Amino acid sequence: MQYKIKLTVTALLMLPAMVLQAASPQDFIASPNEPHGLVVTSVDREAANIYSVYAVAVDGQELARRENALWLKPGEHTIKAINKTTMNRNFVPGLRGDRSREAIEPLTLNVEAGKNYYVGLKADSGRRSDWKLVVWQVEEQ
């Protein structure tokens, strides 16, 4: 009997944490079998000075890990990303040796179901203030 009471008390103490977790889901994430747009951030286009990035937040909510692709529900989303240290700095004019990752101005994107969006860092110069996230290709899924 004491075991059942202890188990019930433990479950009741965990309930607020479970409710809080359920109340704050990342509601912008879609599963692959729901209507969604796919945002891909892991493809380089060095000839165009576009480099892959890690998505680190969507709509102001930090992601649990750095992402290379996101299944997003349709609608307007703001994506925050950081540059990858693997970008070939020899191809970025004026940039030498600095390997730090920095947040880039977030990108606002209107996601439509059934489309793939390729997002990257456009770095035409060594001045980070000129770097920006761009959608460089959109295609049907």
# chains A, B, ... in the order shown; residues from 1 in each chain; ligands from 1
$ closest_atom_pairs --of "stretch 28-47 of chain A" --to "stretch 111-133 of chain A" --cutoff "8 Å" --atoms "only C-alpha atoms" --output "tab-separated table"
residue	atom	partner	partner_atom	distance
A:Pro35	CA	A:Ala113	CA	5.3
A:His36	CA	A:Ala113	CA	4.5
A:Gly37	CA	A:Ala113	CA	4.8
A:Leu38	CA	A:Asn116	CA	4.7
A:Val39	CA	A:Tyr117	CA	4.7
A:Val40	CA	A:Tyr118	CA	4.9
A:Thr41	CA	A:Val119	CA	5.1
A:Ser42	CA	A:Gly120	CA	7.8
A:Val43	CA	A:Gly120	CA	7.4
A:Asp44	CA	A:Gly120	CA	7.3
$ residues_around --residues "A:Asp59" --least-positions-apart "3" --cutoff "9 Å" --atoms "only C-alpha atoms" --output "VMD selection string"
chain A and resid 28 62 76 to 80
$ atom_distance --atom1 "atom CA of A:Asn33" --atom2 "atom CA of A:Ile82"
28.2 Å
$ atom_distance --atom1 "atom CA of A:Asn49" --atom2 "atom CA of A:Arg66"
21.9 Å
$ atom_distance --atom1 "atom CA of A:Glu46" --atom2 "atom CA of A:Lys84"
13.3 Å
